[in-house]
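A.B. asks: Below: one structure in structure tokens.
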Amino acid sequence: VAGGEAEVVEELRRLLPGRVTSDPAILAIYSREASGAEGRPWAVVLPESPEEVSRLLAHAYKREYPVYPQGSATSLAGSAAPLDGGVVLSLERMRAVKAVSVEDYTVDVEPGVRLAEVNLALASTPLFFPVDPGSVRVATVGGAIASGAGGMMGARYGSMRDWVLGLTIVLPDERGSIVRVGCRTLKCRQGLDLVRLIVGSEGTLAVVVEATLRLAPRPEATPTILAFFPREEDALEAALDVRRRGMDALLLEYMDEETARLAAEARKAQVTVEGHMLLASVASTRESRGRHLAELEEIARRRGATRIYRAASLEAAEEKGLLDIRRGLFAGQVLAGRRRFPGRRIHVLVEDVAVPPSRLAEAASMIRAAAAEAGLPLGLGGHVGDGNLHPSIAFPLDDPKAAEAARRLHEEIARIALRLGGTVSAEHGIGVEKRGLLRMELEALGGVEALRLMRGIKRVFDPKGILNPGKVIPP
Ligand SMILES: Cc1cc2nc3c(=O)[nH]c(=O)nc-3n(C[C@H](O)[C@H](O)[C@H](O)COP(=O)(O)OP(=O)(O)OC[C@H]3O[C@@H](n4cnc5c(N)ncnc54)[C@H](O)[C@@H]3O)c2cc1C
């Protein structure tokens, strides 16, 4: 950058007084994301309005430096970390829930609102926002939109792309153009669908400064069980039985025994882990609740469950601590790695493949065989209701052989998913970590030309390549 980074930061301070910090202790906080990916930004900018975001992006365009949009930096894909100097653009101060419409089933929010806060704002209505990643208490609306996040209720409610109606975005162009795309209505044919393009674009095309989200009515009843099985395939088959019977699954969450045990420990869960875990909850009515609860229990018993906890609703399950273990998946995966390699610095790769649910048991056994061949410990969990598995591979950073074996296993797991008709990333995104896998997937599907289209789209939105550079699109 002409004049150097210090000059850019000085200019920014004049442009956005009170919104810029370059204190090294503060920079450290914004340098690193949950996946462990980290960089060294020159400054963090904390705008409080779309106009301030616009001013920053116009300046970055003129001076040609990287800008990294960030919500809470809980990304597991290497998508939020500032890997190449430049400026972190944190949306955390834009945190208002602006309007709720109970008739329209919509809520208008600023990007820094945390997902859990959206639901707090809806507490007195019959509606809720159903995308609930494990990180729901900290992850922001902007971050979830940009990473195309999914959650525990993906079986019924899909992921962010199904719940965003309209967006206000700021472009990294000469003026920092502020553009509204999408509608306030469920049906909307506004030419090419730019809303869907922005959802999941991981901050590489535009900055989201406001969103109109769709809401859902809360299911009347949500009978829930937490069951433990001696055999992994039985737990997975039980999840499939819920689907086979056409029950309206809200939540079908799996964790292998070791991960469940350590997650329970990390979350201090009041539940005895006694095998591989399946958490199952279905949407029901007041009248059918008892019958559905009994049906869930029967499915689990038939598949050999030895311990079953039950709750009349998800709220009751929460109170009994039945959801704690599943919320601790990531913590359990990290703890499993630490136990395996005591006293050493480790890295945990959390995979994010999805397969058609009918292929889940096959996928699990193929992934386990690949891990055994690589000689690496493997943790397994995921949102099995929508076929999404999160195998985790831990390895010590001081062992180059193990690191290489982990990289090969990471690729093999992706190949297995593709062979079974799946995808390499269901919800975490591509970031820098899965760019190679994205290429692999497109090659396998005969879609490699899509990379040319993606590069072209990136150039149209971001002609100077300053917004979250190096992410998503393989070189
Ligand atoms: C414990 C744990 C559990 C998790 N569970 C899940 C899960 O169940 N499902 C799931 O999908 N993910 C999960 N994740 C991953 C992550 O939490 C989600 O992707 C989340 O939505 C990211 O939100 P964030 O605010 O932290 O975004 P960040 O990590 O800050 O950013 C994510 C991406 O969005 C971009 N971005 C952020 N804000 C904006 C904006 N306003 N405009 C444009 N781009 C922006 C960033 O540049 C980056 O590319 C989990 C992570 C952890 C640590």
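To be explicit about the labels: the chains of the structure tokens are called A, B, and onward in the order shown, and within each one the residues are counted from 1, while ligands get numbers from 1 in the order they are shown.
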Would you please extract all strand (DSSP E or B) residues from range 68-230 of chain A, as assigned by DSSP on the backbone, and give them as number ranges by chain?

C.D. replies: A: 68-70, 87-90, 97-101, 106-109, 114, 127-128, 140, 150, 159, 164-170, 178-182, 207-214, 216-217, 221, 224-229

A.B. asks: Contacts between ligand 1 and chain A, please, where a residue of chain A counts if it comes within 7 Å (with only C-alpha atoms and all ligand atoms); show its shortest atom pair and distance in Å to one decimal, rows by chain and ascending number, as JSON lines.

C.D. replies:
{"residue": "A:Glu33", "atom": "CA", "partner": "ligand 1", "partner_atom_place_in_ligand_line": "29 (O)", "distance": 6.5}
{"residue": "A:Ala34", "atom": "CA", "partner": "ligand 1", "partner_atom_place_in_ligand_line": "53 (C)", "distance": 5.2}
{"residue": "A:Tyr68", "atom": "CA", "partner": "ligand 1", "partner_atom_place_in_ligand_line": "47 (O)", "distance": 5.5}
{"residue": "A:Pro69", "atom": "CA", "partner": "ligand 1", "partner_atom_place_in_ligand_line": "47 (O)", "distance": 4.2}
{"residue": "A:Gln70", "atom": "CA", "partner": "ligand 1", "partner_atom_place_in_ligand_line": "30 (O)", "distance": 3.8}
{"residue": "A:Gly71", "atom": "CA", "partner": "ligand 1", "partner_atom_place_in_ligand_line": "30 (O)", "distance": 3.5}
{"residue": "A:Ser72", "atom": "CA", "partner": "ligand 1", "partner_atom_place_in_ligand_line": "26 (O)", "distance": 3.6}
{"residue": "A:Ala73", "atom": "CA", "partner": "ligand 1", "partner_atom_place_in_ligand_line": "29 (O)", "distance": 3.3}
{"residue": "A:Thr74", "atom": "CA", "partner": "ligand 1", "partner_atom_place_in_ligand_line": "26 (O)", "distance": 3.6}
{"residue": "A:Ser75", "atom": "CA", "partner": "ligand 1", "partner_atom_place_in_ligand_line": "29 (O)", "distance": 3.5}
{"residue": "A:Leu76", "atom": "CA", "partner": "ligand 1", "partner_atom_place_in_ligand_line": "15 (C)", "distance": 5.2}
{"residue": "A:Ser79", "atom": "CA", "partner": "ligand 1", "partner_atom_place_in_ligand_line": "49 (O)", "distance": 4.0}
{"residue": "A:Ala80", "atom": "CA", "partner": "ligand 1", "partner_atom_place_in_ligand_line": "48 (C)", "distance": 3.9}
{"residue": "A:Leu91", "atom": "CA", "partner": "ligand 1", "partner_atom_place_in_ligand_line": "41 (N)", "distance": 5.8}
{"residue": "A:Pro111", "atom": "CA", "partner": "ligand 1", "partner_atom_place_in_ligand_line": "41 (N)", "distance": 5.0}
{"residue": "A:Gly112", "atom": "CA", "partner": "ligand 1", "partner_atom_place_in_ligand_line": "41 (N)", "distance": 7.0}
{"residue": "A:Asp132", "atom": "CA", "partner": "ligand 1", "partner_atom_place_in_ligand_line": "8 (O)", "distance": 6.7}
{"residue": "A:Pro133", "atom": "CA", "partner": "ligand 1", "partner_atom_place_in_ligand_line": "8 (O)", "distance": 3.3}
{"residue": "A:Gly134", "atom": "CA", "partner": "ligand 1", "partner_atom_place_in_ligand_line": "5 (N)", "distance": 3.6}
{"residue": "A:Ser135", "atom": "CA", "partner": "ligand 1", "partner_atom_place_in_ligand_line": "3 (C)", "distance": 4.2}
{"residue": "A:Val138", "atom": "CA", "partner": "ligand 1", "partner_atom_place_in_ligand_line": "26 (O)", "distance": 6.7}
{"residue": "A:Ala139", "atom": "CA", "partner": "ligand 1", "partner_atom_place_in_ligand_line": "25 (O)", "distance": 3.8}
{"residue": "A:Thr140", "atom": "CA", "partner": "ligand 1", "partner_atom_place_in_ligand_line": "25 (O)", "distance": 3.7}
{"residue": "A:Val141", "atom": "CA", "partner": "ligand 1", "partner_atom_place_in_ligand_line": "25 (O)", "distance": 6.5}
{"residue": "A:Gly142", "atom": "CA", "partner": "ligand 1", "partner_atom_place_in_ligand_line": "41 (N)", "distance": 3.8}
{"residue": "A:Gly143", "atom": "CA", "partner": "ligand 1", "partner_atom_place_in_ligand_line": "27 (O)", "distance": 3.3}
{"residue": "A:Ala144", "atom": "CA", "partner": "ligand 1", "partner_atom_place_in_ligand_line": "21 (O)", "distance": 3.2}
{"residue": "A:Ile145", "atom": "CA", "partner": "ligand 1", "partner_atom_place_in_ligand_line": "21 (O)", "distance": 6.9}
{"residue": "A:Ala146", "atom": "CA", "partner": "ligand 1", "partner_atom_place_in_ligand_line": "34 (O)", "distance": 4.3}
{"residue": "A:Ser147", "atom": "CA", "partner": "ligand 1", "partner_atom_place_in_ligand_line": "33 (C)", "distance": 4.9}
{"residue": "A:Gly148", "atom": "CA", "partner": "ligand 1", "partner_atom_place_in_ligand_line": "11 (O)", "distance": 6.7}
{"residue": "A:Ala149", "atom": "CA", "partner": "ligand 1", "partner_atom_place_in_ligand_line": "11 (O)", "distance": 3.3}
{"residue": "A:Gly150", "atom": "CA", "partner": "ligand 1", "partner_atom_place_in_ligand_line": "11 (O)", "distance": 4.0}
{"residue": "A:Gly151", "atom": "CA", "partner": "ligand 1", "partner_atom_place_in_ligand_line": "8 (O)", "distance": 4.3}
{"residue": "A:Met152", "atom": "CA", "partner": "ligand 1", "partner_atom_place_in_ligand_line": "8 (O)", "distance": 6.0}
{"residue": "A:Glu202", "atom": "CA", "partner": "ligand 1", "partner_atom_place_in_ligand_line": "49 (O)", "distance": 3.5}
{"residue": "A:Gly203", "atom": "CA", "partner": "ligand 1", "partner_atom_place_in_ligand_line": "44 (N)", "distance": 3.3}
{"residue": "A:Thr204", "atom": "CA", "partner": "ligand 1", "partner_atom_place_in_ligand_line": "47 (O)", "distance": 7.0}
{"residue": "A:Ala206", "atom": "CA", "partner": "ligand 1", "partner_atom_place_in_ligand_line": "43 (C)", "distance": 5.8}
{"residue": "A:Val207", "atom": "CA", "partner": "ligand 1", "partner_atom_place_in_ligand_line": "42 (N)", "distance": 3.7}
{"residue": "A:Val208", "atom": "CA", "partner": "ligand 1", "partner_atom_place_in_ligand_line": "42 (N)", "distance": 3.8}
{"residue": "A:Val209", "atom": "CA", "partner": "ligand 1", "partner_atom_place_in_ligand_line": "41 (N)", "distance": 5.8}
{"residue": "A:Phe330", "atom": "CA", "partner": "ligand 1", "partner_atom_place_in_ligand_line": "1 (C)", "distance": 5.1}
{"residue": "A:Ala331", "atom": "CA", "partner": "ligand 1", "partner_atom_place_in_ligand_line": "1 (C)", "distance": 6.8}
{"residue": "A:Glu427", "atom": "CA", "partner": "ligand 1", "partner_atom_place_in_ligand_line": "11 (O)", "distance": 4.2}
{"residue": "A:His428", "atom": "CA", "partner": "ligand 1", "partner_atom_place_in_ligand_line": "11 (O)", "distance": 4.8}
{"residue": "A:Gly431", "atom": "CA", "partner": "ligand 1", "partner_atom_place_in_ligand_line": "49 (O)", "distance": 6.6}
{"residue": "A:Asn468", "atom": "CA", "partner": "ligand 1", "partner_atom_place_in_ligand_line": "47 (O)", "distance": 6.2}

A.B. asks: I want to know what sits within 10 Å of range 319-322 of chain A, based on only C-alpha atoms, with residues of the same chain fewer than 3 positions away left out; could you give that as a list in words?

C.D. replies: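 Here the qualifying residues turn out to be Thr224, Ile225, Leu226, Ala227, Ala264, Arg267, Lys268, Ala269, Gln270, Val271, Leu279, Tyr309, Arg310, Ala311, Ser313, Leu314, Glu315, Ala316, Ile325, Arg326 and Arg327 of chain A.
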
A.B. asks: Could you name the residues that touch Lys62 in chain A at 10 Å or less, counting only C-alpha atoms, but leaving out those on the same chain fewer than 2 positions away, as a ChimeraX atom specification?

C.D. replies: /A:56-60,64-65,172-175,464

A.B. asks: Let me make sure I understand: among A:Leu197, A:Gly343, A:Leu240, A:Asp256, which one has the smallest atom-to-atom distance to Pro356 in chain A if we use only C-alpha atoms?

C.D. replies: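 Of all the options, A:Leu240 lies closest to Pro356 in chain A.
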
A.B. asks: So, with only C-alpha atoms as the atoms that count, which of A:Pro82, A:Pro475, A:Pro400, A:Gly436 lies closest to Met454 in chain A?

C.D. replies: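 Of A:Pro82, A:Pro475, A:Pro400, A:Gly436, the one nearest Met454 in chain A, counting only C-alpha atoms, is A:Pro475.
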
A.B. asks: Of the candidates A:Ser101, A:Thr306, A:Ser201, A:Ser35, which one gets nearest to Ala216 in chain A if we count only C-alpha atoms?

C.D. replies: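 That would be A:Ser101, the residue with the smallest distance to Ala216 in chain A.
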
A.B. asks: Set the distance at 9 Å and use only C-alpha atoms: which residues neighbour Tyr30 in chain A once local chain neighbours fewer than 2 positions away are removed? I'd like the list as a VMD selection string.

C.D. replies: chain A and resid 26 to 28 32 to 33 38 to 41 44 70 72 to 73 81 to 82 88 90

A.B. asks: Store the residues picked out above in a file with C-alpha atoms, as an mmCIF file, in the first residue's frame.

C.D. replies:
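Saved to out29.cif:
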data_model
loop_
_atom_site.group_PDB
_atom_site.id
_atom_site.type_symbol
_atom_site.label_atom_id
_atom_site.label_comp_id
_atom_site.auth_asym_id
_atom_site.auth_seq_id
_atom_site.Cartn_x
_atom_site.Cartn_y
_atom_site.Cartn_z
ATOM 1 C CA ILE A 26 -7.237 -5.628 20.817
ATOM 2 C CA LEU A 27 -5.910 -6.650 17.409
ATOM 3 C CA ALA A 28 -4.990 -10.032 18.875
ATOM 4 C CA ARG A 32 -7.891 -15.440 15.149
ATOM 5 C CA GLU A 33 -11.035 -17.428 14.457
ATOM 6 C CA GLU A 38 -5.036 -16.400 12.229
ATOM 7 C CA GLY A 39 -3.317 -13.405 10.704
ATOM 8 C CA ARG A 40 -2.106 -9.967 11.716
ATOM 9 C CA PRO A 41 -4.403 -7.078 10.767
ATOM 10 C CA VAL A 44 -9.964 -3.130 13.459
ATOM 11 C CA GLN A 70 -16.172 -10.361 10.807
ATOM 12 C CA SER A 72 -17.949 -13.239 16.101
ATOM 13 C CA ALA A 73 -15.121 -15.115 14.312
ATOM 14 C CA ALA A 81 -9.367 -14.648 9.795
ATOM 15 C CA PRO A 82 -7.411 -11.671 8.363
ATOM 16 C CA VAL A 88 -10.831 -6.316 10.100
ATOM 17 C CA SER A 90 -16.243 -5.981 12.733
#

A.B. asks: Quick check, in Å to one decimal: how far apart do CA of Gly456 in chain A and CA of Lys187 in chain A lie?

C.D. replies: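 Between CA of Gly456 in chain A and CA of Lys187 in chain A the gap is 28.2 Å.
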
A.B. asks: Return as a ChimeraX atom specification the full set of residues in range 208-425 of chain A whose backbone-based DSSP assignment is helix (DSSP H, G or I).

C.D. replies: /A:232-244,257-267,289-302,314-319,324-327,329-340,357-374,384-386,400-419

A.B. asks: Please identify every residue of range 172-287 of chain A that has at least one atom no farther than 8 Å from an atom of range 379-387 of chain A, counting only C-alpha atoms, and for each give the shortest atom pair and the distance in Å to one decimal, arranged by chain then increasing number, as CSV.

C.D. replies:
residue,atom,partner,partner_atom,distance
A:Leu236,CA,A:Val384,CA,7.5
A:Ala239,CA,A:Gly385,CA,6.9
A:Leu240,CA,A:Gly385,CA,7.8
A:Ala249,CA,A:Gly385,CA,7.2
A:Leu250,CA,A:Gly385,CA,8.0
A:Leu251,CA,A:Gly385,CA,6.5
A:Leu252,CA,A:Gly385,CA,4.7
A:Glu253,CA,A:His383,CA,4.8
A:Tyr254,CA,A:Gly381,CA,5.1
A:Met255,CA,A:Gly381,CA,4.0
A:Asp256,CA,A:Leu380,CA,5.5
A:Glu258,CA,A:Gly379,CA,7.5
A:Thr259,CA,A:Gly379,CA,6.1

A.B. asks: Between A:Gly86, A:Gly332, A:Gly421, A:Pro357, which residue has the minimum interatomic distance to Leu378 in chain A, considering only C-alpha atoms?

C.D. replies: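 Under the stated criterion, the closest residue is A:Gly332.
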